[in-house]
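Encoded as structure tokens, the structure appears first; notes follow it.
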Protein chains: 2
Amino acid sequence: MARPDTAPPVPTDAPAPDVLPGLLTGTADREAVATDRSGYRPASLPDGVVRATRVEDVVDTLRWATAHRVPVVPRGAGSGLAAGASAHAGEVVLDLSGMDRILEIRPADQVAVAEPGVLTGDLDAAAHEHGLFYAPDPASAAYCSIGGNIATNAGGLRCAKYGVTRESVLGLDLVLADGRRVRTGRQTVKGVAGYDLTSLVVGSEGTLAVVVGATLRLRPRPDETATLAAHFADVGTAAAAAAAITAARLQPSVLELLDEATLLAVDAARGTSLRSSGSAMLLAQCDGRGAQADIAALGAVVGRFTPHHRSTTDPVEAAGLLEARRAALPSLELTGDVFIEDVAVPRSQLAAAVEGIAAISARTGVRIATVAHAGDGNLHPIVVVPRGESVTEGPAWEAAGAVFTLALGLGGTLTGEHGVGILKRAWLREEVGDDSLDLQRAVKAVFDPLGILNPGKAI
Amino acid sequence: MARPDTAPPVPTDAPAPDVLPGLLTGTADREAVATDRSGYRPASLPDGVVRATRVEDVVDTLRWATAHRVPVVPRGAGSGLAAGASAHAGEVVLDLSGMDRILEIRPADQVAVAEPGVLTGDLDAAAHEHGLFYAPDPASAAYCSIGGNIATNAGGLRCAKYGVTRESVLGLDLVLADGRRVRTGRQTVKGVAGYDLTSLVVGSEGTLAVVVGATLRLRPRPDETATLAAHFADVGTAAAAAAAITAARLQPSVLELLDEATLLAVDAARGTSLRSSGSAMLLAQCDGRGAQADIAALGAVVGRFTPHHRSTTDPVEAAGLLEARRAALPSLELTGDVFIEDVAVPRSQLAAAVEGIAAISARTGVRIATVAHAGDGNLHPIVVVPRGESVTEGPAWEAAGAVFTLALGLGGTLTGEHGVGILKRAWLREEVGDDSLDLQRAVKAVFDPLGILNPGKAI
């Protein structure tokens with residue numbers, strides 16, 4: 001893509017119309033975009049939805065919203081887990097899922113340019129055709145979008161080695177709250193000209209600007225992988241093994257932990273018998289020309305904690321092993337309504353976190369299944385309630401709050417990769433402090449002085 | 001380090017003193033901190049310098065500066081290359097080089113906590129004792145400091161694989177312009193609670209806040225490395241070989257290019273005969289358990305461009321090969337006064353950039369030697385003038401300007417890792433555009449409403 005020296009001009013002289021063309025106000029349209037996959041149910045429906053297919057739709061919507069002071073909730077694929085895209089009466093949803101074109105893949109630069117509605121898995125598949133891949137791979141990769149990944153700084157299985165979305169975003173094409181277009185970042189892999197507005201927008205959950213395009217870093221797809229599965233007597237031992245892998249200075253590209261409740265759910269959903277081999281499981285993958293040697297070294301560490309481990313270099317067998325992890329959430333969702341937490345702790349605290357979560361579950365009687373991106377200390381305790389009960393209030397929510405407090409007490413964070421949304425705001429001040437939150441709110445006011453972009457979310 | 005939930009209280013009720021204790025105003029003291037290694041000479045000396053050794057010194061200085069509206073220039077080791085730490089009459093320098101303690105290394109978390117004055121090479125050496133390393137390694141690692149690296153988002157040789165400073169900073173301990181302390185980021189390797197103020201401050205060249213502590217990511221030190229040196233008939237062929245390495249989806253941890261002018265200077269300084277093997281050179285290193293196989297694959301690609309290449313797994317021989325790169329700048333500095341440019345281009349444009357720079361040198365008659373971090377498209381054209389002539393005005397500066405324009409025309413950036421400082425501000429608006437620069441200035445005003453932090457730099 002030839003990058004223009006300046007963003008294209010916007011006809012800011014034309015008055016915004018009283019009625020926004022393309023605003024859909026039917027009940028079914030509004031119900032379809034009212035919330036995400038967090039389990040949060042707003043008390044009312046949004047006033048309408050715009051289904052954007054072009055940048056101009058976004059510009060028009062924001063100019064209209066600025067003129068009429070209407071709050072706008074940007075929305076990607078609706079796969080969020082913190083209610084960051086939920087909307088209620090008085091708000092208009094800006095649905096970006098129809099802006100779904102991969103504009104360019106430049107193999108020689110290992111760069112892609114994509115619209116926000118492109119599904120993450122689709123971008124990865126397109127990169128594969130050039131021997132490349134897109135590193136961030138949330139478990140939801142098949143149904144989440146690049147724009148939503150940027151909004152939450154999404155991670156996934158492979159970020160143990162390759163980093164999160166922020167490490168893969170080189171530049172952004174933004175529409176500001178008043179309809180102006182601004183480009184941030186660059187096409188190069190390095191650069192420090194001006195403040196890093198790209199990183200500021202990544203993870204800002206649609207509260208600073210609307211992403212209408214992204215220049216993304218691709219990476220060489222490794223030719224070789226080796227995969228290990230290990231079964232443990234208990235989850236504390238599995239977590240200790242994961243910490244030992246880090247301490248042994250090994251760097252798997254994937255290191256996932258599944259606890260007993262998760263294994264039982266996967267077994268029930270898929271007819272496997274994972275639980276029969278132990279009450280916790282680790283899945284590890286190494287890649288590159290040293291993959292076999294790396295997985296052998298990793299197996300030697302794991303062997304100090306359990307005799308039950310095996311490895312493979314067969315891609316089909318490896319995919320089968322990793323499928324247990326990808327099936328975890330859908331399997332648990334078959335057993336009830338869920339809220340997926342996303343705390344992260346320093347890697348040495350992984351076992352303490354896992355054991356603390358088990359204690360919270362035992363004390364409260366609330367069912368909590370835990371999977372973890374163990375390679376970077378990011379845990380997903382999954383709170384499960386009987387179908388129809390609320391996960392975001394009552395005992396389930398109190399248990400979730402106890403997990404937040406546990407993570408902060410271990411030197412951790414509320415959210416590793418899902419974002420704050422609505423649901424974690426109550427704990428944010430405790431994590432970041434008053435002065436930092438004041439700065440963040442002042443930065444928000446620079447980008448969005450009227451406060452119309454996704455109000456009440458993220459900060 | 002136990003992280004307090006909130007930043008420690010600051011006694012903002014006490015009035016700032018009229019005279020700042022510890023302000024040194026002797027001529028020798030002021031001359032020692034007037035500029036950096038960019039070649040820029042301010043027309044006057046700063047009014048004084050505070051040599052901070054404790055956080056309280058920084059707080060006191062900024063409270064005093066806020067009360068009296070005195071501009072403050074934060075300074076690390078003075079190794080900057082864009083005049084970002086230069087100071088003149090009316091300004092006070094805040095020298096942080098005396099805050100040089102490594103506060104903590106936590107091997108199990110692969111995290112270090114350091115004060116800003118710690119030399120980058122010293123932190124790396126301390127990490128080595130735990131089998132770890134600190135990835136960013138500017139060629140100046142022996143005499144540059146962590147605080148300055150954060151201010152400029154410094155890179156170096158290894159960032160081809162491991163990323164720049166931003167990818168290694170997990171959290172910051174800041175003093176704001178008014179003396180308040182704020183912590184950003186976290187101790188975990190992932191996190192998205194609140195806006196990414198850490199990334200915003202990294203690369204901001206002391207214009208947003210003063211860094212008084214940093215929580216840094218360490219990485220496992222690879223047990224195995226393999227290193228290749230290749231000699232080419234001309235620099236265009238060497239650049240084409242570097243692009244072919246990227247296109248072959250190889251990922252060396254180091255990939256450095258040296259042109260003829262650089263080789264001649266190194267030969268003259270060190271008594272080597274590098275130029276006799278060809279007029280351009282590539283140095284590549286791979287690491288990890290696949291290092292030998294990776295370097296063999298890399299050698300096969302290089303072999304399509306030159307028969308003159310050799311590789312080694314001997315660390316001593318490898319260090320000798322890489323020493324040519326580390327010696328490049330000191331060798332060129334023996335031949336005249338220098339200004340080191342820092343442009344970056346998309347990796348496919350490396351050969352076009354190298355050839356364009358040679359054409360500028362030929363057209364203007366200004367001597368330009370080029371070294372490049374070829375793995376990420378970051379070039380350091382080094383403008384050399386006879387001793388005593390100015391590099392930042394006249395024909396030398398016009399040639400430098402032509403290189404900036406060339407880089408922007410190739411879709412690149414003014415600066416990959418050295419920062420904008422004073423010297424590149426004239427080109428910044430062309431790169432980032434009016435609206436982006438306006439946003440950046442508004443963000444600056446949030447952090448520093450009185451504009452006392454390093455005014456006139458970076459943006």
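We label chains A, B, ... in the order they appear in the structure tokens, count residues from 1 in each chain, and number ligands from 1 in the order shown.
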Expected answer as an NGL selection string: chain A residues within 7 Å of chain B, only C-alpha atoms: :A and (3 or 5-6 or 108-109 or 153 or 182 or 187-197 or 199-200 or 203-204 or 220 or 247 or 249 or 288-290 or 293-294 or 344-348 or 376 or 411-417 or 419-420 or 428 or 430-431 or 433 or 435-436 or 440 or 442-443 or 446 or 458-459)
Expected answer as a PDB file with N, CA, C and O atoms, in the first residue's frame: strand (DSSP E) residues in region 223-338 of chain B:
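The resulting file, part.pdb, is shown below:
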ATOM      1  N   THR B 225      24.976 -20.586  19.675  1.00  0.00           N
ATOM      2  CA  THR B 225      24.884 -19.588  18.609  1.00  0.00           C
ATOM      3  C   THR B 225      25.731 -20.069  17.429  1.00  0.00           C
ATOM      4  O   THR B 225      26.637 -20.878  17.589  1.00  0.00           O
ATOM      5  N   ALA B 226      25.398 -19.577  16.271  1.00  0.00           N
ATOM      6  CA  ALA B 226      26.219 -19.806  15.080  1.00  0.00           C
ATOM      7  C   ALA B 226      26.260 -18.493  14.315  1.00  0.00           C
ATOM      8  O   ALA B 226      25.257 -17.771  14.243  1.00  0.00           O
ATOM      9  N   THR B 227      27.425 -18.191  13.773  1.00  0.00           N
ATOM     10  CA  THR B 227      27.679 -16.857  13.211  1.00  0.00           C
ATOM     11  C   THR B 227      28.259 -16.987  11.807  1.00  0.00           C
ATOM     12  O   THR B 227      29.080 -17.874  11.555  1.00  0.00           O
ATOM     13  N   LEU B 228      27.819 -16.115  10.920  1.00  0.00           N
ATOM     14  CA  LEU B 228      28.280 -16.135   9.535  1.00  0.00           C
ATOM     15  C   LEU B 228      28.791 -14.752   9.132  1.00  0.00           C
ATOM     16  O   LEU B 228      28.193 -13.743   9.500  1.00  0.00           O
ATOM     17  N   ALA B 229      29.878 -14.746   8.402  1.00  0.00           N
ATOM     18  CA  ALA B 229      30.384 -13.503   7.798  1.00  0.00           C
ATOM     19  C   ALA B 229      30.445 -13.720   6.294  1.00  0.00           C
ATOM     20  O   ALA B 229      30.900 -14.770   5.826  1.00  0.00           O
ATOM     21  N   ALA B 230      29.976 -12.726   5.539  1.00  0.00           N
ATOM     22  CA  ALA B 230      29.964 -12.846   4.077  1.00  0.00           C
ATOM     23  C   ALA B 230      30.463 -11.544   3.468  1.00  0.00           C
ATOM     24  O   ALA B 230      30.166 -10.455   3.968  1.00  0.00           O
ATOM     25  N   HIS B 231      31.233 -11.691   2.386  1.00  0.00           N
ATOM     26  CA  HIS B 231      31.810 -10.528   1.697  1.00  0.00           C
ATOM     27  C   HIS B 231      31.237 -10.459   0.292  1.00  0.00           C
ATOM     28  O   HIS B 231      31.113 -11.483  -0.388  1.00  0.00           O
ATOM     29  N   PHE B 232      30.905  -9.235  -0.149  1.00  0.00           N
ATOM     30  CA  PHE B 232      30.210  -9.040  -1.429  1.00  0.00           C
ATOM     31  C   PHE B 232      30.972  -8.054  -2.307  1.00  0.00           C
ATOM     32  O   PHE B 232      31.699  -7.186  -1.803  1.00  0.00           O
ATOM     33  N   VAL B 254      20.882 -11.614  14.718  1.00  0.00           N
ATOM     34  CA  VAL B 254      21.680 -10.464  14.296  1.00  0.00           C
ATOM     35  C   VAL B 254      21.821 -10.531  12.784  1.00  0.00           C
ATOM     36  O   VAL B 254      22.089 -11.612  12.229  1.00  0.00           O
ATOM     37  N   LEU B 255      21.634  -9.409  12.097  1.00  0.00           N
ATOM     38  CA  LEU B 255      21.902  -9.346  10.659  1.00  0.00           C
ATOM     39  C   LEU B 255      22.358  -7.927  10.341  1.00  0.00           C
ATOM     40  O   LEU B 255      21.545  -7.009  10.229  1.00  0.00           O
ATOM     41  N   GLU B 256      23.667  -7.744  10.219  1.00  0.00           N
ATOM     42  CA  GLU B 256      24.269  -6.420  10.098  1.00  0.00           C
ATOM     43  C   GLU B 256      24.959  -6.270   8.753  1.00  0.00           C
ATOM     44  O   GLU B 256      25.623  -7.200   8.277  1.00  0.00           O
ATOM     45  N   LEU B 257      24.824  -5.092   8.171  1.00  0.00           N
ATOM     46  CA  LEU B 257      25.457  -4.780   6.891  1.00  0.00           C
ATOM     47  C   LEU B 257      26.484  -3.667   7.098  1.00  0.00           C
ATOM     48  O   LEU B 257      26.218  -2.704   7.813  1.00  0.00           O
ATOM     49  N   LEU B 258      27.651  -3.793   6.466  1.00  0.00           N
ATOM     50  CA  LEU B 258      28.693  -2.759   6.511  1.00  0.00           C
ATOM     51  C   LEU B 258      29.105  -2.435   5.079  1.00  0.00           C
ATOM     52  O   LEU B 258      29.397  -3.350   4.297  1.00  0.00           O
ATOM     53  N   ALA B 280      31.609  -4.874   0.559  1.00  0.00           N
ATOM     54  CA  ALA B 280      30.512  -4.830   1.533  1.00  0.00           C
ATOM     55  C   ALA B 280      30.495  -6.151   2.285  1.00  0.00           C
ATOM     56  O   ALA B 280      30.979  -7.177   1.780  1.00  0.00           O
ATOM     57  N   MET B 281      29.920  -6.122   3.464  1.00  0.00           N
ATOM     58  CA  MET B 281      29.965  -7.294   4.342  1.00  0.00           C
ATOM     59  C   MET B 281      28.626  -7.459   5.045  1.00  0.00           C
ATOM     60  O   MET B 281      27.974  -6.465   5.392  1.00  0.00           O
ATOM     61  N   LEU B 282      28.215  -8.701   5.228  1.00  0.00           N
ATOM     62  CA  LEU B 282      27.072  -9.028   6.087  1.00  0.00           C
ATOM     63  C   LEU B 282      27.571  -9.891   7.234  1.00  0.00           C
ATOM     64  O   LEU B 282      28.388 -10.797   7.030  1.00  0.00           O
ATOM     65  N   LEU B 283      27.056  -9.619   8.417  1.00  0.00           N
ATOM     66  CA  LEU B 283      27.318 -10.454   9.587  1.00  0.00           C
ATOM     67  C   LEU B 283      25.976 -10.960  10.093  1.00  0.00           C
ATOM     68  O   LEU B 283      25.061 -10.162  10.311  1.00  0.00           O
ATOM     69  N   ALA B 284      25.862 -12.268  10.262  1.00  0.00           N
ATOM     70  CA  ALA B 284      24.598 -12.850  10.732  1.00  0.00           C
ATOM     71  C   ALA B 284      24.874 -13.781  11.897  1.00  0.00           C
ATOM     72  O   ALA B 284      25.915 -14.442  11.944  1.00  0.00           O
ATOM     73  N   GLN B 285      23.945 -13.796  12.833  1.00  0.00           N
ATOM     74  CA  GLN B 285      24.041 -14.752  13.931  1.00  0.00           C
ATOM     75  C   GLN B 285      22.661 -15.365  14.158  1.00  0.00           C
ATOM     76  O   GLN B 285      21.646 -14.668  14.102  1.00  0.00           O
ATOM     77  N   CYS B 286      22.645 -16.683  14.371  1.00  0.00           N
ATOM     78  CA  CYS B 286      21.421 -17.374  14.777  1.00  0.00           C
ATOM     79  C   CYS B 286      21.660 -17.952  16.152  1.00  0.00           C
ATOM     80  O   CYS B 286      22.801 -18.256  16.516  1.00  0.00           O
ATOM     81  N   ASP B 287      20.579 -18.114  16.942  1.00  0.00           N
ATOM     82  CA  ASP B 287      20.774 -18.680  18.269  1.00  0.00           C
ATOM     83  C   ASP B 287      19.704 -19.706  18.592  1.00  0.00           C
ATOM     84  O   ASP B 287      18.726 -19.839  17.873  1.00  0.00           O
ATOM     85  N   HIS B 309      31.834 -16.653   1.920  1.00  0.00           N
ATOM     86  CA  HIS B 309      31.227 -16.615   3.256  1.00  0.00           C
ATOM     87  C   HIS B 309      31.722 -17.797   4.065  1.00  0.00           C
ATOM     88  O   HIS B 309      32.078 -18.835   3.523  1.00  0.00           O
ATOM     89  N   ARG B 310      31.742 -17.595   5.371  1.00  0.00           N
ATOM     90  CA  ARG B 310      32.169 -18.660   6.281  1.00  0.00           C
ATOM     91  C   ARG B 310      31.361 -18.544   7.564  1.00  0.00           C
ATOM     92  O   ARG B 310      30.862 -17.463   7.896  1.00  0.00           O
ATOM     93  N   SER B 311      31.226 -19.650   8.276  1.00  0.00           N
ATOM     94  CA  SER B 311      30.474 -19.611   9.526  1.00  0.00           C
ATOM     95  C   SER B 311      31.245 -20.316  10.619  1.00  0.00           C
ATOM     96  O   SER B 311      32.165 -21.093  10.350  1.00  0.00           O
ATOM     97  N   THR B 312      30.831 -20.018  11.848  1.00  0.00           N
ATOM     98  CA  THR B 312      31.513 -20.616  12.995  1.00  0.00           C
ATOM     99  C   THR B 312      30.523 -20.799  14.138  1.00  0.00           C
ATOM    100  O   THR B 312      29.557 -20.038  14.256  1.00  0.00           O
ATOM    101  N   ASP B 337      34.502  14.312  12.160  1.00  0.00           N
ATOM    102  CA  ASP B 337      33.317  14.484  13.006  1.00  0.00           C
ATOM    103  C   ASP B 337      32.129  13.856  12.290  1.00  0.00           C
ATOM    104  O   ASP B 337      32.029  13.909  11.053  1.00  0.00           O
ATOM    105  N   VAL B 338      31.205  13.264  13.057  1.00  0.00           N
ATOM    106  CA  VAL B 338      30.162  12.445  12.437  1.00  0.00           C
ATOM    107  C   VAL B 338      28.769  12.852  12.903  1.00  0.00           C
ATOM    108  O   VAL B 338      28.590  13.380  14.006  1.00  0.00           O
TER     109      VAL B 338
END
Polymer residues at most 8 Å from Leu453 (chain B), only C-alpha atoms, same-chain spacing of 2 or more positions, as number ranges by chain: B: 71-74, 177, 206-209, 448, 451, 455
Alpha helix (DSSP H) per DSSP on the backbone: members of region 214-373 of chain A, as a count of residues only: 69
Write out as a PDB file with all heavy atoms, in the first residue's frame each polymer residue whose atoms come within 6 Å of region 50-64 of chain A, counting only C-alpha atoms; drop sequence neighbours fewer than 5 positions from it.
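Ended up saving to around-v7.pdb:
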ATOM      1  N   ALA A  16     -23.523  17.889   9.394  1.00  0.00           N
ATOM      2  CA  ALA A  16     -23.964  16.515   9.636  1.00  0.00           C
ATOM      3  C   ALA A  16     -25.486  16.454   9.489  1.00  0.00           C
ATOM      4  O   ALA A  16     -26.193  17.380   9.890  1.00  0.00           O
ATOM      5  CB  ALA A  16     -23.563  16.093  11.044  1.00  0.00           C
ATOM      6  N   GLY A  22     -28.639   4.862   7.014  1.00  0.00           N
ATOM      7  CA  GLY A  22     -28.095   3.541   7.331  1.00  0.00           C
ATOM      8  C   GLY A  22     -28.285   3.120   8.773  1.00  0.00           C
ATOM      9  O   GLY A  22     -27.889   2.025   9.157  1.00  0.00           O
ATOM     10  N   LEU A  23     -28.880   3.989   9.599  1.00  0.00           N
ATOM     11  CA  LEU A  23     -29.112   3.594  10.994  1.00  0.00           C
ATOM     12  C   LEU A  23     -30.292   2.629  11.064  1.00  0.00           C
ATOM     13  O   LEU A  23     -31.418   2.979  10.694  1.00  0.00           O
ATOM     14  CB  LEU A  23     -29.391   4.829  11.856  1.00  0.00           C
ATOM     15  CG  LEU A  23     -29.569   4.562  13.352  1.00  0.00           C
ATOM     16  CD1 LEU A  23     -28.255   4.118  13.986  1.00  0.00           C
ATOM     17  CD2 LEU A  23     -30.095   5.806  14.069  1.00  0.00           C
ATOM     18  N   LEU A  94     -21.811   0.831  16.323  1.00  0.00           N
ATOM     19  CA  LEU A  94     -21.149   0.932  15.023  1.00  0.00           C
ATOM     20  C   LEU A  94     -20.513  -0.429  14.742  1.00  0.00           C
ATOM     21  O   LEU A  94     -19.453  -0.763  15.290  1.00  0.00           O
ATOM     22  CB  LEU A  94     -20.095   2.045  15.061  1.00  0.00           C
ATOM     23  CG  LEU A  94     -19.249   2.279  13.817  1.00  0.00           C
ATOM     24  CD1 LEU A  94     -20.119   2.510  12.585  1.00  0.00           C
ATOM     25  CD2 LEU A  94     -18.305   3.457  14.036  1.00  0.00           C
ATOM     26  N   ASP A  95     -21.205  -1.207  13.922  1.00  0.00           N
ATOM     27  CA  ASP A  95     -20.805  -2.593  13.662  1.00  0.00           C
ATOM     28  C   ASP A  95     -19.803  -2.613  12.508  1.00  0.00           C
ATOM     29  O   ASP A  95     -20.142  -2.264  11.372  1.00  0.00           O
ATOM     30  CB  ASP A  95     -22.063  -3.398  13.314  1.00  0.00           C
ATOM     31  CG  ASP A  95     -21.763  -4.848  12.984  1.00  0.00           C
ATOM     32  OD1 ASP A  95     -20.580  -5.217  12.835  1.00  0.00           O
ATOM     33  OD2 ASP A  95     -22.740  -5.622  12.869  1.00  0.00           O
ATOM     34  N   LEU A  96     -18.573  -3.030  12.794  1.00  0.00           N
ATOM     35  CA  LEU A  96     -17.491  -3.001  11.800  1.00  0.00           C
ATOM     36  C   LEU A  96     -17.242  -4.361  11.167  1.00  0.00           C
ATOM     37  O   LEU A  96     -16.289  -4.525  10.402  1.00  0.00           O
ATOM     38  CB  LEU A  96     -16.216  -2.469  12.459  1.00  0.00           C
ATOM     39  CG  LEU A  96     -16.376  -1.037  12.996  1.00  0.00           C
ATOM     40  CD1 LEU A  96     -15.461  -0.791  14.184  1.00  0.00           C
ATOM     41  CD2 LEU A  96     -16.148  -0.019  11.903  1.00  0.00           C
ATOM     42  N   GLY A  98     -18.617  -5.831   8.832  1.00  0.00           N
ATOM     43  CA  GLY A  98     -18.712  -5.871   7.376  1.00  0.00           C
ATOM     44  C   GLY A  98     -17.511  -5.271   6.655  1.00  0.00           C
ATOM     45  O   GLY A  98     -17.400  -5.377   5.429  1.00  0.00           O
ATOM     46  N   MET A  99     -16.619  -4.622   7.400  1.00  0.00           N
ATOM     47  CA  MET A  99     -15.362  -4.135   6.796  1.00  0.00           C
ATOM     48  C   MET A  99     -14.344  -5.255   6.945  1.00  0.00           C
ATOM     49  O   MET A  99     -13.520  -5.246   7.856  1.00  0.00           O
ATOM     50  CB  MET A  99     -14.887  -2.853   7.496  1.00  0.00           C
ATOM     51  CG  MET A  99     -15.796  -1.660   7.252  1.00  0.00           C
ATOM     52  SD  MET A  99     -15.181  -0.131   8.041  1.00  0.00           S
ATOM     53  CE  MET A  99     -13.654   0.131   7.116  1.00  0.00           C
ATOM     54  N   ALA A 177     -13.163  10.712  17.050  1.00  0.00           N
ATOM     55  CA  ALA A 177     -14.555  10.914  17.463  1.00  0.00           C
ATOM     56  C   ALA A 177     -15.260  11.962  16.620  1.00  0.00           C
ATOM     57  O   ALA A 177     -16.469  11.880  16.383  1.00  0.00           O
ATOM     58  CB  ALA A 177     -14.601  11.311  18.942  1.00  0.00           C
ATOM     59  N   ASP A 178     -14.499  12.961  16.116  1.00  0.00           N
ATOM     60  CA  ASP A 178     -15.133  14.027  15.329  1.00  0.00           C
ATOM     61  C   ASP A 178     -15.155  13.721  13.829  1.00  0.00           C
ATOM     62  O   ASP A 178     -15.540  14.565  13.027  1.00  0.00           O
ATOM     63  CB  ASP A 178     -14.438  15.361  15.594  1.00  0.00           C
ATOM     64  CG  ASP A 178     -12.964  15.340  15.211  1.00  0.00           C
ATOM     65  OD1 ASP A 178     -12.509  14.347  14.600  1.00  0.00           O
ATOM     66  OD2 ASP A 178     -12.257  16.313  15.529  1.00  0.00           O
ATOM     67  N   GLY A 179     -14.698  12.518  13.444  1.00  0.00           N
ATOM     68  CA  GLY A 179     -14.753  12.128  12.045  1.00  0.00           C
ATOM     69  C   GLY A 179     -13.447  12.321  11.283  1.00  0.00           C
ATOM     70  O   GLY A 179     -13.340  11.897  10.135  1.00  0.00           O
TER      71      GLY A 179
END
Between CA of Val391 (chain A) and CA of Ala269 (chain A) - distance in Å to one decimal: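 Straight-line distance from CA of Ala269 (chain A) to CA of Val391 (chain A) works out to 21.7 Å.
Pairwise distance (CA of Cys144 (chain B), CA of Ser79 (chain B)) equals 5.7 Å.
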Nearby residues (only C-alpha atoms) at most 10 Å from Glu260 (chain A), same-chain spacing under 3 positions excluded, as a VMD selection string: chain A and resid 232 to 235 263 to 266 274 to 275 278 to 281 369 to 371
Polymer residues at most 12 Å from Ala402 (chain B), only C-alpha atoms, same-chain spacing of 3 or more positions, as a ChimeraX atom specification: /B:341,343,353,356-361,363-364,366,368,381,383,395-399,405-409,414,427
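Using only C-alpha atoms for every distance, the candidate list A:Leu450, A:Ala296, A:Leu174, A:Ala112 yields A:Leu450 as the residue closest to His68 (chain A).
Between CA of Leu218 (chain B) and CA of Lys161 (chain A) there is a distance of 13.3 Å.
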